[in-house]
Each structure stands twice: as structure tokens, then as C-alpha cells.
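Asks: What follows is the file query13.tsv, containing TSV, C-alpha atoms:
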chain	number	residue	atom	x	y	z
A	1233	MET	CA	-22.84	-4.71	-6.75
A	1234	THR	CA	-22.42	-0.93	-6.49
A	1235	PHE	CA	-21.85	0.62	-3.08
A	1236	PRO	CA	-22.65	4.26	-2.24
A	1237	ILE	CA	-19.90	6.86	-2.48
A	1238	ARG	CA	-18.66	7.44	1.06
A	1239	SER	CA	-17.64	10.88	2.31
A	1240	LYS	CA	-14.96	9.22	4.48
A	1241	ASN	CA	-13.35	7.69	1.38
A	1242	VAL	CA	-13.49	11.01	-0.47
A	1243	PHE	CA	-11.85	12.81	2.48
A	1244	PHE	CA	-8.99	10.34	2.78
A	1245	ILE	CA	-8.41	10.17	-0.98
A	1246	LEU	CA	-8.03	13.96	-0.98
A	1247	PHE	CA	-5.85	13.77	2.14
A	1248	GLY	CA	-3.63	11.18	0.45
A	1249	SER	CA	-3.51	13.33	-2.69
A	1250	ALA	CA	-2.26	16.25	-0.59
A	1251	ILE	CA	0.52	14.16	1.00
A	1252	PHE	CA	1.51	12.72	-2.38
A	1253	SER	CA	1.59	16.14	-4.04
A	1254	PHE	CA	3.58	17.64	-1.16
A	1255	GLY	CA	6.22	14.96	-1.66
A	1256	VAL	CA	6.39	15.49	-5.41
A	1257	VAL	CA	6.76	19.29	-5.13
A	1258	HIS	CA	9.05	19.54	-2.10
A	1259	PHE	CA	11.28	16.51	-2.65
A	1260	ASN	CA	11.13	15.27	-6.27
A	1261	MET	CA	10.86	18.60	-8.04
A	1262	ALA	CA	13.05	20.45	-5.53
A	1263	ASN	CA	15.87	17.91	-5.80
A	1264	ASN	CA	15.75	16.82	-9.45
A	1265	LEU	CA	14.40	13.35	-8.70
A	1266	ALA	CA	12.30	11.35	-11.14
A	1267	GLU	CA	9.34	9.05	-10.47
A	1268	GLY	CA	7.54	6.20	-12.20
A	1269	GLY	CA	4.16	6.21	-13.90
A	1270	PHE	CA	2.36	9.28	-15.19
A	1271	THR	CA	3.90	11.33	-12.39
A	1272	GLY	CA	7.29	10.53	-13.91
A	1273	ILE	CA	6.10	11.74	-17.32
A	1274	THR	CA	4.84	15.01	-15.80
A	1275	LEU	CA	8.27	15.49	-14.19
A	1276	ILE	CA	10.04	14.88	-17.51
A	1277	LEU	CA	7.81	17.53	-19.11
A	1278	TYR	CA	8.52	19.87	-16.20
A	1279	PHE	CA	12.31	19.55	-16.20
A	1280	LEU	CA	12.69	19.61	-20.01
A	1281	PHE	CA	9.96	22.03	-21.08
A	1282	HIS	CA	8.90	23.74	-17.81
A	1283	ILE	CA	5.31	22.49	-18.16
A	1284	ASP	CA	3.45	22.69	-14.87
A	1285	PRO	CA	2.78	19.11	-13.59
A	1286	SER	CA	-0.65	20.12	-12.33
A	1287	TYR	CA	-1.68	20.80	-15.94
A	1288	SER	CA	0.15	17.91	-17.61
A	1289	ASN	CA	-1.30	15.47	-15.06
A	1290	LEU	CA	-4.81	16.40	-16.15
A	1291	ALA	CA	-3.90	16.47	-19.84
A	1292	LEU	CA	-2.49	12.94	-19.65
A	1293	ASN	CA	-5.28	11.44	-17.55
A	1294	ILE	CA	-8.49	12.94	-18.91
A	1295	PRO	CA	-8.33	11.05	-22.25
A	1296	LEU	CA	-7.90	7.80	-20.32
A	1297	PHE	CA	-11.03	8.47	-18.30
A	1298	PHE	CA	-13.14	8.37	-21.45
A	1299	VAL	CA	-11.55	5.05	-22.38
A	1300	GLY	CA	-11.63	3.42	-18.96
A	1301	TRP	CA	-14.79	4.63	-17.24
A	1302	LYS	CA	-16.80	1.52	-18.18
A	1303	LEU	CA	-13.95	-0.75	-17.19
A	1304	LEU	CA	-13.47	0.81	-13.77
A	1305	GLY	CA	-17.10	0.77	-12.64
A	1306	LYS	CA	-19.02	3.69	-11.18
A	1307	ASN	CA	-17.43	3.92	-7.73
A	1308	ALA	CA	-13.87	3.24	-8.83
A	1309	PHE	CA	-14.27	5.76	-11.65
A	1310	ILE	CA	-15.53	8.48	-9.29
A	1311	TYR	CA	-12.81	7.79	-6.72
A	1312	THR	CA	-10.18	7.78	-9.48
A	1313	MET	CA	-11.47	11.12	-10.76
A	1314	ILE	CA	-11.31	12.54	-7.23
A	1315	GLY	CA	-7.75	11.24	-6.76
A	1316	THR	CA	-6.53	12.61	-10.09
A	1317	LEU	CA	-8.20	16.00	-9.69
A	1318	GLY	CA	-6.98	16.17	-6.09
A	1319	VAL	CA	-3.38	15.55	-7.13
A	1320	SER	CA	-3.53	18.26	-9.80
A	1321	LEU	CA	-5.16	20.70	-7.38
A	1322	PHE	CA	-2.59	20.17	-4.63
A	1323	LEU	CA	0.33	20.22	-7.09
A	1324	PHE	CA	-0.94	23.61	-8.23
A	1325	LEU	CA	-1.38	24.92	-4.67
A	1326	PHE	CA	1.93	23.65	-3.24
A	1327	GLN	CA	3.91	25.13	-6.13
A	1328	ARG	CA	2.39	28.57	-5.70
A	1329	TYR	CA	1.32	29.04	-2.10
A	1330	SER	CA	3.54	26.83	0.05
A	1331	THR	CA	5.79	28.90	2.30
A	1332	LEU	CA	7.76	25.85	3.44
A	1333	THR	CA	11.32	25.58	2.10
A	1334	ILE	CA	13.11	22.24	2.41
A	1335	ASN	CA	16.65	22.46	1.09
A	1336	LEU	CA	18.16	18.98	0.82
A	1337	LYS	CA	20.43	19.48	-2.20
A	1338	GLN	CA	23.43	18.73	0.03
A	1339	ASP	CA	21.80	15.63	1.50
A	1340	MET	CA	20.38	13.66	-1.41
A	1341	PRO	CA	19.98	10.36	0.48
A	1342	LEU	CA	17.63	12.15	2.89
A	1343	ALA	CA	15.80	13.78	-0.03
A	1344	ALA	CA	15.28	10.37	-1.66
A	1345	LEU	CA	13.99	8.88	1.60
A	1346	PHE	CA	11.57	11.77	2.16
A	1347	ALA	CA	10.35	11.53	-1.45
A	1348	GLY	CA	9.70	7.80	-1.12
A	1349	VAL	CA	7.99	8.09	2.26
A	1350	PHE	CA	5.67	10.97	1.30
A	1351	ILE	CA	4.73	9.49	-2.07
A	1352	GLY	CA	4.29	6.02	-0.53
A	1353	ILE	CA	2.09	7.27	2.31
A	1354	GLY	CA	0.01	9.41	-0.04
A	1355	LEU	CA	-0.57	6.64	-2.58
A	1356	GLY	CA	-1.09	4.09	0.17
A	1357	ILE	CA	-3.92	6.15	1.68
A	1358	ILE	CA	-5.47	6.73	-1.75
A	1359	PHE	CA	-5.36	3.01	-2.61
A	1360	ARG	CA	-6.60	1.93	0.81
A	1361	PHE	CA	-9.77	4.01	0.42
A	1362	GLY	CA	-10.59	2.79	-3.07
A	1363	GLY	CA	-9.02	5.51	-5.20
A	1364	THR	CA	-6.19	5.72	-7.68
A	1365	THR	CA	-4.41	8.58	-9.41
A	1366	GLY	CA	-5.39	7.25	-12.85
A	1367	GLY	CA	-2.64	6.83	-15.41
A	1368	VAL	CA	-0.86	3.50	-15.41
A	1369	ASP	CA	-3.58	1.83	-13.34
A	1370	ILE	CA	-6.11	2.37	-16.14
A	1371	ILE	CA	-3.62	1.32	-18.83
A	1372	ALA	CA	-2.82	-1.87	-16.88
A	1373	ARG	CA	-6.52	-2.74	-16.54
A	1374	LEU	CA	-7.12	-2.16	-20.24
A	1375	GLY	CA	-4.10	-4.29	-21.14
A	1376	HIS	CA	-5.32	-7.08	-18.88
A	1377	LYS	CA	-8.85	-7.01	-20.32
A	1378	PHE	CA	-8.02	-6.83	-24.03
A	1379	PHE	CA	-4.62	-8.52	-24.26
A	1380	GLY	CA	-4.43	-10.66	-21.12
A	1381	TRP	CA	-1.34	-8.84	-19.83
A	1382	SER	CA	-0.47	-9.13	-16.16
A	1383	MET	CA	-1.36	-5.86	-14.41
A	1384	GLY	CA	1.70	-6.04	-12.16
A	1385	LYS	CA	4.09	-6.65	-15.05
A	1386	THR	CA	2.46	-3.92	-17.16
A	1387	MET	CA	2.83	-1.36	-14.37
A	1388	PHE	CA	6.42	-2.42	-13.67
A	1389	MET	CA	7.41	-2.20	-17.35
A	1390	PHE	CA	5.74	1.20	-17.75
A	1391	ASP	CA	7.53	2.53	-14.67
A	1392	ALA	CA	10.85	1.13	-15.92
A	1393	VAL	CA	10.40	2.84	-19.31
A	1394	VAL	CA	9.48	6.18	-17.71
A	1395	ILE	CA	12.44	6.11	-15.31
A	1396	THR	CA	14.74	5.19	-18.20
A	1397	MET	CA	13.37	8.15	-20.20
A	1398	SER	CA	14.08	10.37	-17.18
A	1399	LEU	CA	17.81	9.83	-17.73
A	1400	VAL	CA	17.64	12.66	-20.29
A	1401	TYR	CA	17.72	15.11	-17.36
A	1402	LEU	CA	19.16	13.00	-14.52
A	1403	ASN	CA	22.83	12.51	-13.78
A	1404	TYR	CA	23.99	9.14	-12.46
A	1405	LYS	CA	23.67	10.19	-8.79
A	1406	GLU	CA	20.14	11.52	-9.24
A	1407	ALA	CA	19.20	8.34	-11.12
A	1408	MET	CA	20.41	6.18	-8.24
A	1409	TYR	CA	18.61	8.32	-5.65
A	1410	THR	CA	15.45	8.07	-7.78
A	1411	LEU	CA	15.65	4.27	-7.57
A	1412	VAL	CA	16.03	4.56	-3.79
A	1413	ALA	CA	12.95	6.81	-3.62
A	1414	VAL	CA	10.90	4.45	-5.82
A	1415	PHE	CA	11.93	1.42	-3.74
A	1416	VAL	CA	11.10	3.15	-0.45
A	1417	GLY	CA	7.78	4.36	-1.87
A	1418	ALA	CA	6.83	0.82	-2.97
A	1419	ARG	CA	7.61	-0.60	0.47
A	1420	VAL	CA	5.60	2.14	2.20
A	1421	ILE	CA	2.63	1.47	-0.11
A	1422	ASP	CA	2.81	-2.24	0.78
A	1423	PHE	CA	2.90	-1.34	4.47
A	1424	MET	CA	-0.13	0.93	4.09
A	1425	GLN	CA	-2.06	-1.68	2.12
A	1426	GLU	CA	-1.24	-4.62	4.39
A	1427	GLY	CA	-2.02	-2.67	7.54
A	1428	ALA	CA	-0.03	-1.26	10.39
A	1429	TYR	CA	-0.90	-4.14	12.70
A	1430	ALA	CA	1.51	-7.07	12.52
A	1431	GLY	CA	0.69	-10.28	14.34
A	1432	LYS	CA	1.53	-13.96	14.28
A	1433	ALA	CA	-0.39	-17.09	13.32
A	1434	ALA	CA	0.38	-20.57	14.61
A	1435	MET	CA	-0.50	-23.96	13.09
A	1436	ILE	CA	-0.33	-26.67	15.77
A	1437	ILE	CA	-0.50	-30.43	15.14
A	1438	SER	CA	-0.91	-32.43	18.34
A	1439	GLU	CA	-2.86	-35.31	19.81
A	1440	LYS	CA	-3.94	-32.89	22.55
A	1441	ASN	CA	-5.27	-29.98	20.48
A	1442	THR	CA	-8.44	-29.70	22.57
A	1443	GLU	CA	-6.44	-29.19	25.77
A	1444	ILE	CA	-4.11	-26.72	24.08
A	1445	ALA	CA	-7.05	-24.72	22.68
A	1446	ALA	CA	-8.65	-24.55	26.15
A	1447	LEU	CA	-5.42	-23.19	27.69
A	1448	ILE	CA	-4.99	-20.66	24.88
A	1449	MET	CA	-8.49	-19.38	25.61
A	1450	LYS	CA	-7.87	-19.30	29.38
A	1451	GLU	CA	-4.34	-17.84	29.53
A	1452	LEU	CA	-4.07	-15.79	26.34
A	1453	ASP	CA	-7.76	-14.91	25.92
A	1454	ARG	CA	-7.49	-15.91	22.27
A	1455	GLY	CA	-9.77	-18.11	20.22
A	1456	ALA	CA	-8.55	-21.02	18.15
A	1457	THR	CA	-9.95	-23.04	15.26
A	1458	LEU	CA	-9.69	-26.78	14.66
A	1459	LEU	CA	-9.14	-27.65	11.02
A	1460	SER	CA	-9.52	-31.10	9.52
A	1461	ALA	CA	-6.39	-32.46	7.82
A	1462	LYS	CA	-5.00	-35.70	6.42
A	1463	GLY	CA	-1.42	-36.92	6.73
A	1464	SER	CA	0.17	-37.43	3.31
A	1465	PHE	CA	2.41	-40.29	4.49
A	1466	THR	CA	0.15	-42.24	6.86
A	1467	GLY	CA	-3.18	-41.19	5.37
A	1468	SER	CA	-4.56	-40.75	8.88
A	1469	GLN	CA	-7.01	-37.99	9.76
A	1470	LYS	CA	-5.61	-35.20	11.94
A	1471	GLU	CA	-6.82	-31.98	13.48
A	1472	VAL	CA	-4.75	-28.82	13.04
A	1473	LEU	CA	-5.17	-26.03	15.57
A	1474	TYR	CA	-5.01	-22.54	14.05
A	1475	CYS	CA	-4.53	-19.49	16.26
A	1476	VAL	CA	-3.80	-15.79	15.61
A	1477	PHE	CA	-2.14	-13.77	18.36
A	1478	ALA	CA	-0.10	-10.64	19.01
A	1479	ARG	CA	3.68	-10.69	18.55
A	1480	ASN	CA	4.31	-10.20	22.27
A	1481	GLU	CA	2.26	-13.33	23.07
A	1482	ILE	CA	4.46	-15.81	21.21
A	1483	VAL	CA	6.49	-16.82	24.29
A	1484	ARG	CA	3.34	-17.46	26.32
A	1485	LEU	CA	1.87	-19.52	23.48
A	1486	LYS	CA	5.00	-21.67	23.31
A	1487	GLN	CA	4.86	-22.19	27.07
A	1488	VAL	CA	1.23	-23.34	26.84
A	1489	ILE	CA	2.04	-25.83	24.08
A	1490	GLU	CA	5.16	-27.09	25.88
A	1491	ARG	CA	3.17	-27.65	29.08
A	1492	VAL	CA	0.46	-29.74	27.36
A	1493	ASP	CA	2.41	-31.51	24.60
A	1494	PRO	CA	6.19	-31.02	24.31
A	1495	HIS	CA	6.18	-33.13	21.11
A	1496	ALA	CA	3.62	-30.99	19.23
A	1497	PHE	CA	4.51	-29.87	15.69
A	1498	VAL	CA	4.20	-26.08	15.45
A	1499	THR	CA	4.74	-23.53	12.67
A	1500	VAL	CA	4.54	-19.77	13.24
A	1501	ASN	CA	3.98	-17.24	10.43
A	1502	ASP	CA	3.74	-13.47	10.13
A	1503	VAL	CA	0.29	-11.91	9.76
A	1504	HIS	CA	0.17	-8.46	8.16
A	1505	GLU	CA	-3.38	-7.51	9.05
A	1506	VAL	CA	-6.02	-8.92	11.40
A	1507	LEU	CA	-9.69	-7.95	11.40
A	1508	GLY	CA	-12.28	-9.18	13.88
A	1509	GLU	CA	-12.92	-9.89	17.54
A	1510	GLY	CA	-9.94	-9.42	19.82
A	1511	PHE	CA	-8.08	-7.28	17.30
A	1512	THR	CA	-10.33	-4.66	15.68
A	1513	LEU	CA	-13.58	-5.60	17.46
A	1514	ASP	CA	-14.31	-6.14	21.16
A	1515	SER	CA	-16.37	-9.02	22.58
A	1516	ASP	CA	-19.60	-7.13	21.77
A	1517	LYS	CA	-18.52	-6.75	18.11
A	1518	ASN	CA	-17.92	-3.01	18.53
A	1519	PRO	CA	-14.85	-1.39	16.91
A	1520	ILE	CA	-11.96	-1.10	19.37
A	1521	GLY	CA	-10.84	2.46	20.01
A	1522	ILE	CA	-13.88	4.12	18.41
Starting from the file, give its structure as C-alpha cells.

Replies:
Amino acid sequence: MTFPIRSKNVFFILFGSAIFSFGVVHFNMANNLAEGGFTGITLILYFLFHIDPSYSNLALNIPLFFVGWKLLGKNAFIYTMIGTLGVSLFLFLFQRYSTLTINLKQDMPLAALFAGVFIGIGLGIIFRFGGTTGGVDIIARLGHKFFGWSMGKTMFMFDAVVITMSLVYLNYKEAMYTLVAVFVGARVIDFMQEGAYAGKAAMIISEKNTEIAALIMKELDRGATLLSAKGSFTGSQKEVLYCVFARNEIVRLKQVIERVDPHAFVTVNDVHEVLGEGFTLDSDKNPIGI
């Protein structure tokens, strides 16, 4: 099913492209740091042959578009085109018209952190709104379709090869700081993809699940779901109570359970993103904060 191209997605893909390009120009290029993927190749060409990354990015990606446009689908192809063109445009603009000077040559750990954060935030926004910056993403999809290669492993191996190639212009300190930047960037992308909201989820096994669920609704104003389960040892049918709640509500939840059934079996897990009533929607199903 094809969905219409959304102006909101286009805006945020371009916004993410601007943040990403700012990081590449002001932190990677300014401090001799490498990067993975096609961005890493453009930086190799820049540091060895002084080829403008805004041009090499297009030169590397355009041939892939002709190969991968059927594979990506209409929307993903358009969003990928917007992301790639946006990155080249902002790389061009930031190199020529940015008046901001950030000199971190004497503080490379900070330069690596800034590089990772800006690139991670930029790519995270692009990915979250359906775009990519082309390059390795298309190669990974083609490899998965025609050869059955894992996309994650393909992207990791490509990045590893590019960073290894970057050693032709990096010294050992710059290579280590590049790894720091890549690690930070990957963690920031995960954070952006998983969502800024972090909650908790509890699985409760008790003979008094109905009473516990009623108290959770009354005192925490949270819903709960009863799931059917079967004990592996006894073979008896059980009900498991599942509840999602905010981190600051965990003590109150424990108090509720302790009050009703001190012998209840409870597990608590992290939840990276929660969508729906009580979290992103109010009781009338309207978005909270909008």
C-alpha cells in the first residue's frame, strides 16, 4: 500500500539533513575525523584529493538510485532522494556560507562527541520520518534481496571497510576519536528511533490479579491487560497481568501489589517507546500536547 508524500516528513528529512551536514562540515571535516558509509568515502576523497563532499555524495548515490528505485518503493525512493539531495545541498552551503567557527583541534574528545551527536541526531530524524541518505542502505537492501545477506551485517561490514580505508589519512589518535564519534552516533540514532519517552512494563502473576488491576486503575490511573498463560511445570491455567507505566510510578505500583498480594510474582522491564491513551493520547483519543 502506497501512502501520500507528507510535507511534514519532507520538512523533517531536510531538517535532519541540515543537522547531519552541519556535523560533518564543522566537526568531521574541521577536525580530520572519518565516518562510516558513503559519507566516509566522501571524506576520504576530500582529504586525499580535495573533492568537495557535496559533489562526491551525489556522484556516488545517483547511480544507486537507478538500481534501487524499484526495490525501495515510491515513497521510500522519494524520501531517499530528498535526504540525499538535502545532504549535498547543506554540505555545499555550510562549506561556503557558514560564518560559525568551531575550533576543537586542542580538544579532540569534545570534537568526537559533537560529531557523533550531530550526525546521530541528523540521521535519527531522517530515519524516523521515512528517509535515508542513500548509499549503504540501498546496497544492503540489494544484497538482502539478491544474495540473502543480513542488512545489519552488510552495513556493519561496509562501515568497517570504509573506516579502515580512512587510515590512509588518519593518525592513530584521529582513528580512535573516529571510533568514539561513530559509537556515539549509533547510540544517538538508536535513541531517536526508539523514542525519547522511556517507561516501564510489569508482568504480574497472582491469584488476585483482578483486585490488583482495579487498584492500578484507581490509584495510578493506568489500564492493565489480563493475558492467558499456562504453567510449564504444573500445566495449570494462569492469568498474567500486563501494565505499562511511567518510571516515577514504579514505587506506587509495588506498593499496590504488596498491599493486595505480597507473594505475587512480578517482573519489570524497560519500555523505549509508548504510543496510545495515557501516554501520547488523552482519554478522548486526542494527541497530548497538540

Asks: Quick one: which range 1368-1463 of chain A residues come within 12 Å of range 1311-1329 of chain A, and what is the nearest atom pair for each with the distance in Å to one decimal, counting all atoms listed in the file, rows ordered by chain and ascending number, as JSON lines?

Replies:
{"residue": "A:Val1368", "atom": "CA", "partner": "A:Thr1312", "partner_atom": "CA", "distance": 11.8}
{"residue": "A:Asp1369", "atom": "CA", "partner": "A:Thr1312", "partner_atom": "CA", "distance": 9.7}
{"residue": "A:Ile1370", "atom": "CA", "partner": "A:Thr1312", "partner_atom": "CA", "distance": 9.5}

Asks: Just checking: using only C-alpha atoms, which residue out of A:Ser1239, A:Thr1365, A:Thr1386, A:Asn1307 ends up closest to Phe1252 in chain A?

Replies: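 That would be A:Thr1365, the residue with the smallest distance to Phe1252 in chain A.
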
Asks: Show which residues sit within 12 Å of Met1397 in chain A, as a PyMOL selection string. Count all atoms listed in the file, and ignore same-chain residues fewer than 2 positions away.

Replies: chain A and resi 1266-1269+1272-1277+1280+1390-1395+1399-1402+1407

Asks: Mind pulling up the distance from CA of Gly1380 in chain A to CA of Asn1293 in chain A?

Replies: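 CA of Gly1380 in chain A lies at a distance of 22.4 Å from CA of Asn1293 in chain A.
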
Asks: List as a list in words the protein and nucleic acid residues near Arg1419 in chain A, meaning an atom at most 12 Å away when all atoms listed in the file are counted, but skip any in the same chain fewer than 3 places from it.

Replies: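 Those residues are Leu1345, Gly1348, Val1349, Phe1350, Ile1351, Gly1352, Ile1353, Leu1355, Gly1356, Val1412, Ala1413, Val1414, Phe1415, Val1416, Asp1422, Phe1423, Met1424, Gln1425 and Glu1426 of chain A.
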
Asks: Pick the closest to Val1476 in chain A from A:Ala1461, A:Leu1447, A:Ala1262, A:Gly1431: which is it, counting only C-alpha atoms?

Replies: A:Gly1431

Asks: Can you work out which one of A:Phe1298, A:Ile1245, A:Met1435, A:Ala1496 has the shortest atom-to-atom distance to Phe1361 in chain A, counting only C-alpha atoms?

Replies: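 Once distances to Phe1361 in chain A are computed over only C-alpha atoms, the minimum belongs to A:Ile1245.
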
Asks: To one decimal in Å, tell me the separation between CA of Thr1333 in chain A and CA of Phe1270 in chain A.

Replies: 25.4 Å

Asks: So, with only C-alpha atoms as the atoms that count, which of A:Lys1337, A:Arg1360, A:Lys1240, A:Arg1484 lies closest to Lys1405 in chain A?

Replies: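 Selected residue with least distance to Lys1405 in chain A: A:Lys1337.
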
Asks: Between CA of Gly1248 in chain A and CA of Leu1265 in chain A, what distance in Å does the model show, to one decimal?

Replies: 20.3 Å
